[in-house]
>>> print(open('data_27.csv').read())   # CSV, N, CA, C and O atoms
chain,number,residue,atom,x,y,z
A,1,THR,N,-6.3,14.7,-9.8
A,1,THR,CA,-7.1,14.4,-11.0
A,1,THR,C,-7.3,15.7,-11.8
A,1,THR,O,-6.9,16.7,-11.4
A,2,LEU,N,-8.0,15.5,-12.8
A,2,LEU,CA,-8.4,16.7,-13.7
A,2,LEU,C,-9.3,17.7,-12.9
A,2,LEU,O,-9.2,18.9,-13.2
A,3,THR,N,-10.1,17.2,-12.0
A,3,THR,CA,-11.0,18.0,-11.3
A,3,THR,C,-10.8,18.2,-9.8
A,3,THR,O,-11.5,19.0,-9.2
A,4,GLU,N,-9.9,17.4,-9.2
A,4,GLU,CA,-9.7,17.5,-7.8
A,4,GLU,C,-8.3,17.5,-7.4
A,4,GLU,O,-7.4,17.0,-8.2
A,5,TYR,N,-8.0,17.9,-6.2
A,5,TYR,CA,-6.6,17.9,-5.6
A,5,TYR,C,-6.7,17.3,-4.3
A,5,TYR,O,-7.6,17.6,-3.5
A,6,HIS,N,-5.8,16.3,-4.0
A,6,HIS,CA,-5.8,15.6,-2.7
A,6,HIS,C,-4.4,15.6,-2.1
A,6,HIS,O,-3.4,15.6,-2.9
A,7,THR,N,-4.3,15.5,-0.8
A,7,THR,CA,-3.0,15.3,-0.1
A,7,THR,C,-3.0,14.0,0.6
A,7,THR,O,-4.0,13.5,1.1
A,8,TYR,N,-1.9,13.3,0.5
A,8,TYR,CA,-1.7,12.0,1.1
A,8,TYR,C,-0.6,12.0,2.1
A,8,TYR,O,0.4,12.7,2.0
A,9,GLU,N,-0.7,11.0,3.1
A,9,GLU,CA,0.4,10.7,4.0
A,9,GLU,C,0.9,9.3,3.8
A,9,GLU,O,0.1,8.4,3.6
A,10,ILE,N,2.2,9.1,3.8
A,10,ILE,CA,2.8,7.8,3.6
A,10,ILE,C,2.4,6.9,4.8
A,10,ILE,O,2.7,7.3,6.0
A,11,VAL,N,1.9,5.7,4.6
A,11,VAL,CA,1.6,4.7,5.6
A,11,VAL,C,2.7,3.7,5.7
A,11,VAL,O,3.2,3.3,6.7
A,12,ALA,N,3.2,3.2,4.5
A,12,ALA,CA,4.2,2.2,4.5
A,12,ALA,C,4.9,2.2,3.1
A,12,ALA,O,4.4,2.6,2.1
A,13,VAL,N,6.2,1.7,3.2
A,13,VAL,CA,7.0,1.5,2.0
A,13,VAL,C,7.7,0.2,2.2
A,13,VAL,O,8.3,-0.1,3.2
A,14,PHE,N,7.4,-0.7,1.2
A,14,PHE,CA,8.0,-2.1,1.4
A,14,PHE,C,8.3,-2.7,0.0
A,14,PHE,O,7.9,-2.1,-1.0
A,15,THR,N,9.1,-3.8,0.1
A,15,THR,CA,9.4,-4.5,-1.1
A,15,THR,C,8.7,-5.9,-1.0
A,15,THR,O,8.4,-6.4,0.0
A,16,THR,N,8.4,-6.4,-2.2
A,16,THR,CA,7.8,-7.7,-2.3
A,16,THR,C,8.1,-8.3,-3.7
A,16,THR,O,8.9,-7.7,-4.4
A,17,THR,N,7.5,-9.4,-4.0
A,17,THR,CA,7.7,-10.0,-5.3
A,17,THR,C,6.4,-10.1,-6.0
A,17,THR,O,5.3,-10.2,-5.4
A,18,ALA,N,6.4,-10.0,-7.3
A,18,ALA,CA,5.2,-10.2,-8.1
A,18,ALA,C,4.8,-11.7,-8.2
A,18,ALA,O,3.7,-12.0,-8.7
A,19,ASP,N,5.6,-12.6,-7.7
A,19,ASP,CA,5.3,-14.0,-7.7
A,19,ASP,C,4.2,-14.2,-6.7
A,19,ASP,O,4.4,-14.1,-5.5
A,20,PRO,N,3.0,-14.6,-7.2
A,20,PRO,CA,1.9,-14.8,-6.3
A,20,PRO,C,2.0,-15.9,-5.3
A,20,PRO,O,1.3,-15.9,-4.2
A,21,ALA,N,2.9,-16.8,-5.5
A,21,ALA,CA,3.1,-17.9,-4.6
A,21,ALA,C,3.9,-17.5,-3.4
A,21,ALA,O,3.9,-18.2,-2.4
A,22,VAL,N,4.6,-16.4,-3.5
A,22,VAL,CA,5.6,-16.0,-2.5
A,22,VAL,C,5.3,-14.6,-1.9
A,22,VAL,O,5.3,-14.4,-0.7
A,23,GLY,N,4.9,-13.6,-2.8
A,23,GLY,CA,4.8,-12.2,-2.4
A,23,GLY,C,3.4,-11.8,-1.8
A,23,GLY,O,2.5,-12.6,-1.9
A,24,PHE,N,3.4,-10.6,-1.2
A,24,PHE,CA,2.2,-10.0,-0.8
A,24,PHE,C,1.4,-9.5,-2.0
A,24,PHE,O,1.9,-8.7,-2.7
A,25,ARG,N,0.2,-10.0,-2.1
A,25,ARG,CA,-0.7,-9.7,-3.2
A,25,ARG,C,-1.4,-8.4,-3.0
A,25,ARG,O,-2.6,-8.3,-3.0
A,26,TYR,N,-0.7,-7.3,-2.8
A,26,TYR,CA,-1.2,-6.0,-2.5
A,26,TYR,C,-2.2,-5.4,-3.5
A,26,TYR,O,-3.1,-4.7,-3.2
A,27,HIS,N,-2.0,-5.9,-4.7
A,27,HIS,CA,-2.8,-5.4,-5.9
A,27,HIS,C,-4.2,-6.0,-5.9
A,27,HIS,O,-5.1,-5.5,-6.7
A,28,LEU,N,-4.5,-6.9,-5.1
A,28,LEU,CA,-5.8,-7.6,-5.1
A,28,LEU,C,-6.8,-7.1,-4.0
A,28,LEU,O,-7.9,-7.5,-3.8
A,29,PHE,N,-6.3,-6.1,-3.2
A,29,PHE,CA,-7.2,-5.5,-2.2
A,29,PHE,C,-8.3,-4.7,-2.8
A,29,PHE,O,-8.1,-3.7,-3.4
A,30,ALA,N,-9.5,-5.2,-2.7
A,30,ALA,CA,-10.6,-4.5,-3.3
A,30,ALA,C,-12.0,-5.0,-2.8
A,30,ALA,O,-13.0,-4.5,-3.3
A,31,ASP,N,-12.1,-5.8,-1.8
A,31,ASP,CA,-13.4,-6.3,-1.4
A,31,ASP,C,-14.2,-5.3,-0.6
A,31,ASP,O,-15.4,-5.4,-0.5
A,32,GLY,N,-13.5,-4.3,0.0
A,32,GLY,CA,-14.3,-3.3,0.7
A,32,GLY,C,-14.8,-3.5,2.1
A,32,GLY,O,-15.3,-2.7,2.7
A,33,THR,N,-14.6,-4.7,2.6
A,33,THR,CA,-15.0,-5.0,4.0
A,33,THR,C,-14.0,-4.5,5.0
A,33,THR,O,-12.8,-4.3,4.7
A,34,GLN,N,-14.4,-4.2,6.2
A,34,GLN,CA,-13.5,-3.7,7.2
A,34,GLN,C,-12.4,-4.8,7.5
A,34,GLN,O,-11.3,-4.4,7.7
A,35,GLN,N,-12.8,-6.0,7.6
A,35,GLN,CA,-11.8,-7.1,7.8
A,35,GLN,C,-10.7,-7.1,6.8
A,35,GLN,O,-9.5,-7.2,7.1
A,36,ALA,N,-11.1,-7.0,5.5
A,36,ALA,CA,-10.1,-6.9,4.4
A,36,ALA,C,-9.2,-5.7,4.5
A,36,ALA,O,-8.0,-5.7,4.3
A,37,TYR,N,-9.8,-4.5,4.8
A,37,TYR,CA,-9.1,-3.3,4.9
A,37,TYR,C,-8.1,-3.4,6.1
A,37,TYR,O,-6.9,-3.0,5.9
A,38,ASP,N,-8.5,-3.8,7.2
A,38,ASP,CA,-7.6,-3.9,8.4
A,38,ASP,C,-6.5,-4.9,8.1
A,38,ASP,O,-5.4,-4.6,8.5
A,39,LYS,N,-6.8,-6.0,7.5
A,39,LYS,CA,-5.7,-7.0,7.1
A,39,LYS,C,-4.7,-6.4,6.2
A,39,LYS,O,-3.5,-6.5,6.3
A,40,PHE,N,-5.2,-5.6,5.2
A,40,PHE,CA,-4.3,-5.0,4.2
A,40,PHE,C,-3.4,-4.0,4.9
A,40,PHE,O,-2.2,-4.0,4.7
A,41,VAL,N,-4.0,-3.2,5.8
A,41,VAL,CA,-3.2,-2.1,6.5
A,41,VAL,C,-2.2,-2.8,7.4
A,41,VAL,O,-1.0,-2.4,7.4
A,42,SER,N,-2.6,-3.8,8.1
A,42,SER,CA,-1.6,-4.5,9.1
A,42,SER,C,-0.5,-5.2,8.3
A,42,SER,O,0.6,-5.1,8.8
A,43,THR,N,-0.8,-5.8,7.2
A,43,THR,CA,0.3,-6.4,6.4
A,43,THR,C,1.2,-5.4,5.9
A,43,THR,O,2.4,-5.6,5.9
A,44,CYS,N,0.7,-4.3,5.3
A,44,CYS,CA,1.6,-3.2,4.8
A,44,CYS,C,2.5,-2.7,5.9
A,44,CYS,O,3.7,-2.5,5.7
A,45,LYS,N,2.0,-2.5,7.1
A,45,LYS,CA,2.8,-2.0,8.2
A,45,LYS,C,3.8,-3.0,8.7
A,45,LYS,O,4.9,-2.6,9.0
A,46,GLU,N,3.4,-4.3,8.7
A,46,GLU,CA,4.4,-5.3,9.1
A,46,GLU,C,5.6,-5.4,8.1
A,46,GLU,O,6.7,-5.6,8.5
A,47,LEU,N,5.3,-5.2,6.8
A,47,LEU,CA,6.4,-5.3,5.8
A,47,LEU,C,7.1,-4.0,5.6
A,47,LEU,O,8.2,-4.0,5.0
A,48,SER,N,6.6,-2.9,6.2
A,48,SER,CA,7.2,-1.6,5.9
A,48,SER,C,8.7,-1.5,6.4
A,48,SER,O,9.0,-2.0,7.4
A,49,MET,N,9.5,-0.8,5.6
A,49,MET,CA,10.9,-0.5,5.9
A,49,MET,C,11.0,0.6,7.0
A,49,MET,O,12.0,0.7,7.6
A,50,TYR,N,9.9,1.4,7.1
A,50,TYR,CA,9.9,2.5,8.0
A,50,TYR,C,8.7,2.5,8.9
A,50,TYR,O,7.6,2.1,8.4
A,51,ASP,N,8.8,3.0,10.1
A,51,ASP,CA,7.6,3.2,10.9
A,51,ASP,C,7.2,4.7,10.7
A,51,ASP,O,7.9,5.6,11.2
A,52,THR,N,6.2,4.9,10.0
A,52,THR,CA,5.7,6.3,9.7
A,52,THR,C,4.9,6.9,10.8
A,52,THR,O,4.6,8.1,10.7
A,53,GLY,N,4.4,6.0,11.7
A,53,GLY,CA,3.5,6.5,12.7
A,53,GLY,C,2.1,6.7,12.2
A,53,GLY,O,1.2,7.2,13.0
A,54,ILE,N,1.8,6.4,11.0
A,54,ILE,CA,0.5,6.6,10.4
A,54,ILE,C,-0.2,5.2,10.2
A,54,ILE,O,0.3,4.3,9.6
A,55,THR,N,-1.4,5.1,10.8
A,55,THR,CA,-2.2,3.9,10.7
A,55,THR,C,-3.6,4.3,10.2
A,55,THR,O,-4.4,4.9,11.0
A,56,PRO,N,-4.0,4.0,9.0
A,56,PRO,CA,-5.3,4.4,8.5
A,56,PRO,C,-6.4,3.6,9.3
A,56,PRO,O,-6.1,2.5,9.8
A,57,VAL,N,-7.6,4.1,9.3
A,57,VAL,CA,-8.7,3.5,9.9
A,57,VAL,C,-9.7,3.2,8.8
A,57,VAL,O,-9.7,3.9,7.8
A,58,TYR,N,-10.5,2.2,9.0
A,58,TYR,CA,-11.5,1.8,8.0
A,58,TYR,C,-12.3,3.0,7.5
A,58,TYR,O,-12.8,3.8,8.3
A,59,GLY,N,-12.4,3.1,6.2
A,59,GLY,CA,-13.1,4.1,5.6
A,59,GLY,C,-12.2,5.2,5.0
A,59,GLY,O,-12.7,5.9,4.1
A,60,GLN,N,-11.0,5.3,5.4
A,60,GLN,CA,-10.1,6.3,4.8
A,60,GLN,C,-9.6,5.8,3.5
A,60,GLN,O,-9.3,4.6,3.3
A,61,LYS,N,-9.5,6.7,2.5
A,61,LYS,CA,-9.1,6.3,1.2
A,61,LYS,C,-7.6,6.0,1.2
A,61,LYS,O,-6.8,6.7,1.8
A,62,LEU,N,-7.2,5.0,0.4
A,62,LEU,CA,-5.8,4.6,0.3
A,62,LEU,C,-5.3,4.7,-1.1
A,62,LEU,O,-6.1,4.5,-2.1
A,63,LEU,N,-4.1,5.0,-1.3
A,63,LEU,CA,-3.4,5.1,-2.6
A,63,LEU,C,-2.2,4.1,-2.6
A,63,LEU,O,-1.4,4.2,-1.7
A,64,THR,N,-2.1,3.2,-3.5
A,64,THR,CA,-1.0,2.3,-3.6
A,64,THR,C,-0.3,2.5,-4.9
A,64,THR,O,-0.9,2.4,-6.0
A,65,LEU,N,1.0,2.8,-4.8
A,65,LEU,CA,1.9,3.0,-6.0
A,65,LEU,C,2.9,1.9,-5.9
A,65,LEU,O,3.5,1.5,-4.9
A,66,SER,N,3.2,1.3,-7.1
A,66,SER,CA,4.3,0.3,-7.1
A,66,SER,C,5.1,0.4,-8.4
A,66,SER,O,4.5,0.9,-9.4
A,67,THR,N,6.3,0.0,-8.3
A,67,THR,CA,7.2,0.0,-9.5
A,67,THR,C,8.0,-1.2,-9.5
A,67,THR,O,8.3,-1.8,-8.4
A,68,CYS,N,8.5,-1.6,-10.6
A,68,CYS,CA,9.4,-2.8,-10.7
A,68,CYS,C,10.8,-2.3,-10.1
A,68,CYS,O,11.2,-1.2,-10.3
A,69,ASP,N,11.4,-3.3,-9.4
A,69,ASP,CA,12.7,-3.0,-8.8
A,69,ASP,C,13.5,-4.3,-8.9
A,69,ASP,O,13.3,-5.2,-8.1
A,70,LYS,N,14.4,-4.4,-9.8
A,70,LYS,CA,15.2,-5.6,-10.0
A,70,LYS,C,16.4,-5.7,-9.1
A,70,LYS,O,17.1,-6.7,-9.1
A,71,THR,N,16.6,-4.7,-8.2
A,71,THR,CA,17.8,-4.7,-7.4
A,71,THR,C,17.5,-5.1,-6.0
A,71,THR,O,18.4,-5.2,-5.1
A,72,ILE,N,16.3,-5.5,-5.6
A,72,ILE,CA,15.9,-5.8,-4.2
A,72,ILE,C,15.9,-7.3,-3.8
A,72,ILE,O,15.3,-7.6,-2.8
A,73,GLY,N,16.5,-8.1,-4.6
A,73,GLY,CA,16.6,-9.5,-4.1
A,73,GLY,C,15.6,-10.4,-4.7
A,73,GLY,O,15.7,-11.6,-4.6
A,74,TYR,N,14.6,-9.9,-5.4
A,74,TYR,CA,13.6,-10.8,-6.1
A,74,TYR,C,13.9,-10.9,-7.6
A,74,TYR,O,13.1,-11.4,-8.3
A,75,GLY,N,15.0,-10.3,-8.0
A,75,GLY,CA,15.3,-10.3,-9.4
A,75,GLY,C,14.3,-9.6,-10.3
A,75,GLY,O,13.7,-8.5,-9.9
A,76,LYS,N,13.9,-10.1,-11.4
A,76,LYS,CA,13.0,-9.5,-12.3
A,76,LYS,C,11.6,-9.3,-11.8
A,76,LYS,O,10.8,-8.5,-12.3
A,77,ASP,N,11.2,-10.0,-10.7
A,77,ASP,CA,9.9,-9.9,-10.1
A,77,ASP,C,9.8,-9.0,-8.9
A,77,ASP,O,8.8,-8.9,-8.3
A,78,GLY,N,10.9,-8.2,-8.6
A,78,GLY,CA,10.9,-7.3,-7.5
A,78,GLY,C,9.9,-6.2,-7.6
A,78,GLY,O,9.8,-5.6,-8.7
A,79,ARG,N,9.3,-5.8,-6.5
A,79,ARG,CA,8.4,-4.6,-6.5
A,79,ARG,C,8.7,-3.7,-5.3
A,79,ARG,O,8.9,-4.2,-4.2
A,80,LEU,N,8.7,-2.4,-5.5
A,80,LEU,CA,8.8,-1.4,-4.4
A,80,LEU,C,7.4,-0.8,-4.4
A,80,LEU,O,6.9,-0.4,-5.4
A,81,VAL,N,6.8,-0.8,-3.2
A,81,VAL,CA,5.4,-0.4,-3.0
A,81,VAL,C,5.3,0.7,-2.0
A,81,VAL,O,6.0,0.6,-0.9
A,82,VAL,N,4.6,1.7,-2.3
A,82,VAL,CA,4.3,2.8,-1.4
A,82,VAL,C,2.8,2.9,-1.2
A,82,VAL,O,2.0,2.9,-2.1
A,83,VAL,N,2.4,2.9,0.1
A,83,VAL,CA,0.9,3.0,0.4
A,83,VAL,C,0.7,4.3,1.2
A,83,VAL,O,1.5,4.5,2.1
A,84,ALA,N,-0.3,5.0,0.8
A,84,ALA,CA,-0.6,6.3,1.5
A,84,ALA,C,-2.0,6.4,1.8
A,84,ALA,O,-2.9,5.8,1.1
A,85,ARG,N,-2.4,7.3,2.8
A,85,ARG,CA,-3.8,7.5,3.0
A,85,ARG,C,-4.1,9.0,2.7
A,85,ARG,O,-3.3,9.9,2.8
A,86,ARG,N,-5.3,9.2,2.2
A,86,ARG,CA,-5.7,10.5,1.8
A,86,ARG,C,-6.1,11.3,3.0
A,86,ARG,O,-6.9,10.8,3.9
A,87,ILE,N,-5.6,12.5,3.2
A,87,ILE,CA,-6.0,13.3,4.4
A,87,ILE,C,-6.9,14.4,4.0
A,87,ILE,O,-7.6,14.9,4.9
A,88,TYR,N,-6.9,14.8,2.8
A,88,TYR,CA,-8.0,15.7,2.2
A,88,TYR,C,-7.8,15.9,0.7
A,88,TYR,O,-6.9,15.4,0.1
>>> encode(input="data_27.csv", output="structure tokens")
Amino acid sequence: TLTEYHTYEIVAVFTTTADPAVGFRYHLFADGTQQAYDKFVSTCKELSMYDTGITPVYGQKLLTLSTCDKTIGYGKDGRLVVVARRIY
């Protein structure tokens, strides 16, 4: 940010679709409960293309980046998502 510097570790990299009837709605994670956090993390890890060996625990800050990807089988609705945890 303009005032801080942080370092992150990759937790998961996965593809999904923006179609809410089919895809993982990763962008709606915001309720702040431990149950929601744990469910979000476990779903990200299940979908991940790689086993990063990183599993965040409740309370750790997460960063989610996504971009459109029309090449991944979902056509115009494809998304590539990277989830990372802040380590400092």
>>> closest_residue(input="data_27.csv", among="A:Thr1, A:Thr43, A:Thr33, A:Gln60", to="A:Tyr88", atoms="only C-alpha atoms")
A:Gln60
>>> closest_residue(input="data_27.csv", among="A:Asp31, A:Ala84, A:Ser42, A:Ala21", to="A:Lys61", atoms="only C-alpha atoms")
A:Ala84
>>> closest_residue(input="data_27.csv", among="A:His27, A:Lys39, A:His6, A:Arg86", to="A:Gly59", atoms="all atoms listed in the file")
A:Arg86
>>> select_by_dssp(input="data_27.csv", residues="stretch 1-78 of chain A", states="strand (DSSP E or B)", output="list in words")
Tyr8, Glu9, Ile10, Val11, Ala12, Val13, Phe14, Thr15, Thr16, Thr17, Leu62, Leu63, Thr64, Leu65, Ser66, Thr67, Cys68 and Gly78 of chain A
>>> select_by_dssp(input="data_27.csv", residues="chain A", states="alpha helix (DSSP H)", output="list in words")
Gln34, Gln35, Ala36, Tyr37, Asp38, Lys39, Phe40, Val41, Ser42, Thr43, Cys44, Lys45, Glu46 and Leu47 of chain A
>>> closest_residue(input="data_27.csv", among="A:Thr52, A:Thr64, A:Thr3, A:Thr16", to="A:Val83", atoms="only C-alpha atoms")
A:Thr64
>>> closest_residue(input="data_27.csv", among="A:Phe24, A:Phe14, A:Ile87, A:Ile54", to="A:Phe40", atoms="only C-alpha atoms")
A:Phe24
>>> atom_distance(input="data_27.csv", atom1="atom CA of A:Tyr50", atom2="atom CA of A:Val13")
6.7 Å
>>> residues_around(input="data_27.csv", residues="stretch 55-58 of chain A", least_positions_apart="3", cutoff="7 Å", atoms="all atoms listed in the file", output="list of chain:residue names")
A:Ile10, A:Val11, A:Gln34, A:Tyr37, A:Asp38, A:Val41, A:Thr52, A:Lys61, A:Arg85
>>> atom_distance(input="data_27.csv", atom1="atom N of A:Gly32", atom2="atom O of A:Leu2")
27.0 Å
>>> closest_residue(input="data_27.csv", among="A:Val82, A:Gly75, A:Asp51, A:Leu65", to="A:Thr17", atoms="only N, CA, C and O atoms")
A:Gly75
